[in-house]
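Source file: model-v3.pdb; contents: PDB, C-alpha atoms.
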```pdb
ATOM      1  CA  LYS A   1       9.685 -12.121  21.068
ATOM      2  CA  GLY A   2       9.359  -8.441  20.191
ATOM      3  CA  LEU A   3       9.739  -4.921  21.440
ATOM      4  CA  ILE A   4       7.405  -3.147  23.841
ATOM      5  CA  TRP A   5       7.982   0.586  23.876
ATOM      6  CA  HIS A   6       5.902   2.634  26.285
ATOM      7  CA  GLN A   7       6.400   6.386  26.219
ATOM      8  CA  HIS A   8       4.828   8.157  29.183
ATOM      9  CA  THR A   9       5.528  11.847  28.474
ATOM     10  CA  PRO A  10       4.692  14.233  26.975
ATOM     11  CA  ILE A  11       1.863  11.932  25.848
ATOM     12  CA  SER A  12       1.260   8.267  26.543
ATOM     13  CA  VAL A  13       2.071   6.132  23.497
ATOM     14  CA  LEU A  14       2.472   2.359  23.475
ATOM     15  CA  TYR A  15       4.177   0.478  20.643
ATOM     16  CA  VAL A  16       4.325  -3.294  20.429
ATOM     17  CA  ILE A  17       6.523  -4.498  17.569
ATOM     18  CA  ASN A  18       6.919  -8.125  16.559
ATOM     19  CA  ASP A  19       7.684  -9.971  13.329
ATOM     20  CA  GLU A  20       4.074  -9.866  12.135
ATOM     21  CA  GLN A  21       2.747  -6.451  13.132
ATOM     22  CA  VAL A  22       3.147  -3.119  14.861
ATOM     23  CA  LYS A  23       0.473  -2.089  17.311
ATOM     24  CA  SER A  24       0.368   1.519  18.460
ATOM     25  CA  GLN A  25      -1.941   3.089  20.980
ATOM     26  CA  VAL A  26      -2.042   6.784  21.837
ATOM     27  CA  ALA A  27      -3.392   7.535  25.326
ATOM     28  CA  ASN A  28      -6.642   5.599  25.785
ATOM     29  CA  ASN A  29      -7.607   5.540  22.108
ATOM     30  CA  GLU A  30      -8.226   2.347  20.193
ATOM     31  CA  PRO A  31      -4.999   0.646  19.057
ATOM     32  CA  THR A  32      -3.878   0.887  15.447
ATOM     33  CA  ILE A  33      -2.395  -2.240  13.893
ATOM     34  CA  ILE A  34       0.036  -2.047  10.982
ATOM     35  CA  ASP A  35       1.432  -4.998   9.068
ATOM     36  CA  SER A  36       3.558  -5.397   5.972
ATOM     37  CA  LYS A  37       0.488  -5.380   3.708
ATOM     38  CA  SER A  38      -1.462  -2.468   5.202
ATOM     39  CA  ASN A  39       1.490  -0.047   5.452
ATOM     40  CA  PRO A  40       4.739  -1.555   4.162
ATOM     41  CA  GLN A  41       6.926   1.513   4.746
ATOM     42  CA  MET A  42       5.833   2.076   8.363
ATOM     43  CA  PHE A  43       6.165  -1.645   9.065
ATOM     44  CA  TYR A  44       9.686  -1.589   7.574
ATOM     45  CA  PHE A  45      10.813   1.298   9.810
ATOM     46  CA  SER A  46       9.282  -0.243  12.927
ATOM     47  CA  SER A  47      10.856  -3.615  12.174
ATOM     48  CA  LEU A  48      14.179  -1.895  11.576
ATOM     49  CA  LEU A  49      13.934  -0.182  14.979
ATOM     50  CA  LYS A  50      13.333  -3.577  16.575
ATOM     51  CA  SER A  51      16.368  -4.976  14.760
ATOM     52  CA  ILE A  52      18.538  -2.065  15.925
ATOM     53  CA  MET A  53      17.452  -2.461  19.543
ATOM     54  CA  GLN A  54      18.027  -6.232  19.371
ATOM     55  CA  ALA A  55      21.430  -5.736  17.670
ATOM     56  CA  ASP A  56      20.409  -8.077  14.844
ATOM     57  CA  GLN A  57      23.800  -8.417  13.131
ATOM     58  CA  LYS A  58      22.414  -9.627   9.804
ATOM     59  CA  VAL A  59      19.975  -6.727   9.449
ATOM     60  CA  LEU A  60      22.572  -4.194  10.608
ATOM     61  CA  ASP A  61      25.137  -5.496   8.080
ATOM     62  CA  GLU A  62      22.615  -5.408   5.229
ATOM     63  CA  THR A  63      21.245  -1.966   6.056
ATOM     64  CA  PHE A  64      24.111   0.141   7.422
ATOM     65  CA  ASP A  65      27.773   0.969   7.194
ATOM     66  CA  MET A  66      28.850   0.698  10.835
ATOM     67  CA  ASN A  67      31.573   2.238  12.936
ATOM     68  CA  LEU A  68      32.071   1.111  16.541
ATOM     69  CA  THR A  69      34.254   3.084  18.948
ATOM     70  CA  SER A  70      34.763   2.476  22.635
ATOM     71  CA  ASP A  71      36.782   3.322  25.698
ATOM     72  CA  SER A  72      36.985   1.437  28.972
ATOM     73  CA  ASP A  73      33.408   2.295  30.005
ATOM     74  CA  ASN A  74      31.358   3.402  26.996
ATOM     75  CA  TRP A  75      30.776   2.493  23.370
ATOM     76  CA  THR A  76      29.308   4.351  20.401
ATOM     77  CA  LEU A  77      27.903   2.680  17.304
ATOM     78  CA  SER A  78      27.405   4.957  14.324
ATOM     79  CA  LEU A  79      25.098   3.615  11.613
ATOM     80  CA  VAL A  80      25.054   5.183   8.152
ATOM     81  CA  PRO A  81      22.160   3.870   6.046
ATOM     82  CA  LYS A  82      23.177   2.331   2.747
ATOM     83  CA  VAL A  83      19.828   1.104   1.377
ATOM     84  CA  SER A  84      16.607   2.750   0.288
ATOM     85  CA  PRO A  85      14.291   4.006   1.687
ATOM     86  CA  ILE A  86      16.127   4.588   4.960
ATOM     87  CA  ASN A  87      19.119   6.290   3.302
ATOM     88  CA  LYS A  88      16.775   8.876   1.808
ATOM     89  CA  ILE A  89      15.478   9.844   5.264
ATOM     90  CA  PHE A  90      18.350   9.427   7.740
ATOM     91  CA  ALA A  91      21.907  10.740   7.467
ATOM     92  CA  HIS A  92      23.065   8.600  10.372
ATOM     93  CA  ILE A  93      21.908   6.935  13.553
ATOM     94  CA  GLU A  94      24.001   6.848  16.690
ATOM     95  CA  LEU A  95      23.677   4.473  19.613
ATOM     96  CA  LYS A  96      25.619   4.958  22.840
ATOM     97  CA  GLY A  97      25.824   2.759  25.863
ATOM     98  CA  GLN A  98      27.652   0.721  28.417
ATOM     99  CA  SER A  99      25.997  -2.621  29.180
ATOM    100  CA  PHE A 100      22.804  -1.505  27.432
ATOM    101  CA  VAL A 101      21.837   1.034  24.789
ATOM    102  CA  ASP A 102      21.614   4.239  26.832
ATOM    103  CA  SER A 103      20.752   6.621  23.997
ATOM    104  CA  LEU A 104      19.615   6.554  20.393
ATOM    105  CA  ILE A 105      20.025   9.615  18.184
ATOM    106  CA  LEU A 106      18.316   9.748  14.796
ATOM    107  CA  ASN A 107      19.825  12.379  12.471
ATOM    108  CA  ASP A 108      17.764  12.982   9.367
ATOM    109  CA  LYS A 109      18.651  14.400   5.968
ATOM    110  CA  GLN A 110      17.037  17.755   6.845
ATOM    111  CA  ASN A 111      19.510  18.275   9.722
ATOM    112  CA  ASP A 112      16.906  17.546  12.397
ATOM    113  CA  SER A 113      17.565  15.022  15.122
ATOM    114  CA  THR A 114      15.566  12.992  17.598
ATOM    115  CA  SER A 115      17.276  11.904  20.788
ATOM    116  CA  LEU A 116      15.961   9.074  22.948
ATOM    117  CA  LYS A 117      17.413   8.256  26.354
ATOM    118  CA  PHE A 118      16.854   4.936  28.092
ATOM    119  CA  THR A 119      17.031   4.579  31.863
ATOM    120  CA  ASN A 120      16.458   1.981  34.571
ATOM    121  CA  GLN A 121      17.562  -0.885  32.364
ATOM    122  CA  HIS A 122      18.375  -4.300  33.753
ATOM    123  CA  SER A 123      18.708  -7.898  32.704
ATOM    124  CA  ASP A 124      18.586  -9.674  36.048
ATOM    125  CA  ASN A 125      16.116 -12.562  36.068
ATOM    126  CA  ILE A 126      13.983 -11.121  33.294
ATOM    127  CA  LYS A 127      10.556 -12.668  33.278
ATOM    128  CA  LEU A 128       7.736 -11.179  31.315
ATOM    129  CA  THR A 129       4.752  -9.998  33.305
ATOM    130  CA  GLU A 130       1.319 -11.277  32.326
ATOM    131  CA  ASP A 131       0.599  -7.860  30.771
ATOM    132  CA  GLU A 132       3.783  -8.059  28.683
ATOM    133  CA  LYS A 133       2.955 -11.602  27.570
ATOM    134  CA  ASN A 134      -0.516 -10.446  26.524
ATOM    135  CA  LEU A 135       0.886  -7.467  24.626
ATOM    136  CA  LEU A 136       3.259  -9.771  22.711
ATOM    137  CA  GLY A 137       0.538 -12.342  22.093
ATOM    138  CA  LEU A 138       2.256 -15.085  24.072
TER     139      LEU A 138
END
```
When written as structure tokens, how does the structure in this file appear?
Amino acid sequence: KGLIWHQHTPISVLYVINDEQVKSQVANNEPTIIDSKSNPQMFYFSSLLKSIMQADQKVLDETFDMNLTSDSDNWTLSLVPKVSPINKIFAHIELKGQSFVDSLILNDKQNDSTSLKFTNQHSDNIKLTEDEKNLLGL
């Protein structure tokens, strides 16, 4: 249905990404809504993030050269962008995990990187809360 991303520190930021729009809200400010017409490039990157997190095979195949390595407990998926505009910004993206994506590392063309770590993940009896349904417009 979409991706809800709530960052708590160092500042509260909420992102809700679905096929039609990206809503972002910083702290208690009014939300900003982006769609493919109002800001095509930002919408593209947000949609791509959703596709990466959902492991959308079609989008991954079209957008990246991929290399998957694994051992008995962990896997690493290295994504090298092959299409514009993402290949002009990122050198490669790396996802690591076990049952879930545990970390996402974005390495840009200027040799900077952003590392995101995910914790407390589960898939047991997932039911959206009323707040989550409202955020996703369900």
ask   = Quick one: of A:Lys133, A:Thr69, A:Gln21, A:Ile52, who's nearest to Leu104 (chain A), counting only C-alpha atoms?
value =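 Nearest to Leu104 (chain A): A:Ile52.
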message = When you count all atoms listed in the file, which of these residues is closest to His92 (chain A): A:Ser70, A:Thr63, A:Asn39, A:Asn120?
response = A:Thr63
request  = Using the chain letters and numbering of this document, enumerate as a PyMOL selection string the residues selected by the PyMOL selection byres ((chain A and resi 79-84) around 9).
outcome  = chain A and resi 60+62-68+77-78+85-95
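Across the model, the gap from CA of Glu130 (chain A) to CA of Gly2 (chain A) is 14.8 Å.
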request  = Provide the CA of Gln110 (chain A) to CA of Met42 (chain A) distance in Å, to one decimal place.
outcome  = 19.3 Å
task = Spell out the residues picked by the PyMOL selection byres ((chain A and resi 43) around 10) here, as a PyMOL selection string.
result = chain A and resi 17-22+33-42+44-49
task = Decode the PyMOL selection byres ((chain A and resi 15) around 9) for the given file into explicit residues and return them as a list of chain:residue names.
result = A:Leu3, A:Ile4, A:Trp5, A:His6, A:Gln7, A:Val13, A:Leu14, A:Val16, A:Ile17, A:Val22, A:Lys23, A:Ser24, A:Gln25, A:Val26
key: Atomic distance CA of Asn134 (chain A) - CA of Lys1 (chain A), expressed in Å with one decimal   = 11.7 Å
Coordinates of box centre and edge lengths for region 56-71 of chain A, 8 Å on every side, axis-aligned, as lines of an AutoDock Vina configuration file:
```
center_x = 28.4
center_y = -3.2
center_z = 15.5
size_x = 32.8
size_y = 28.9
size_z = 36.5
```
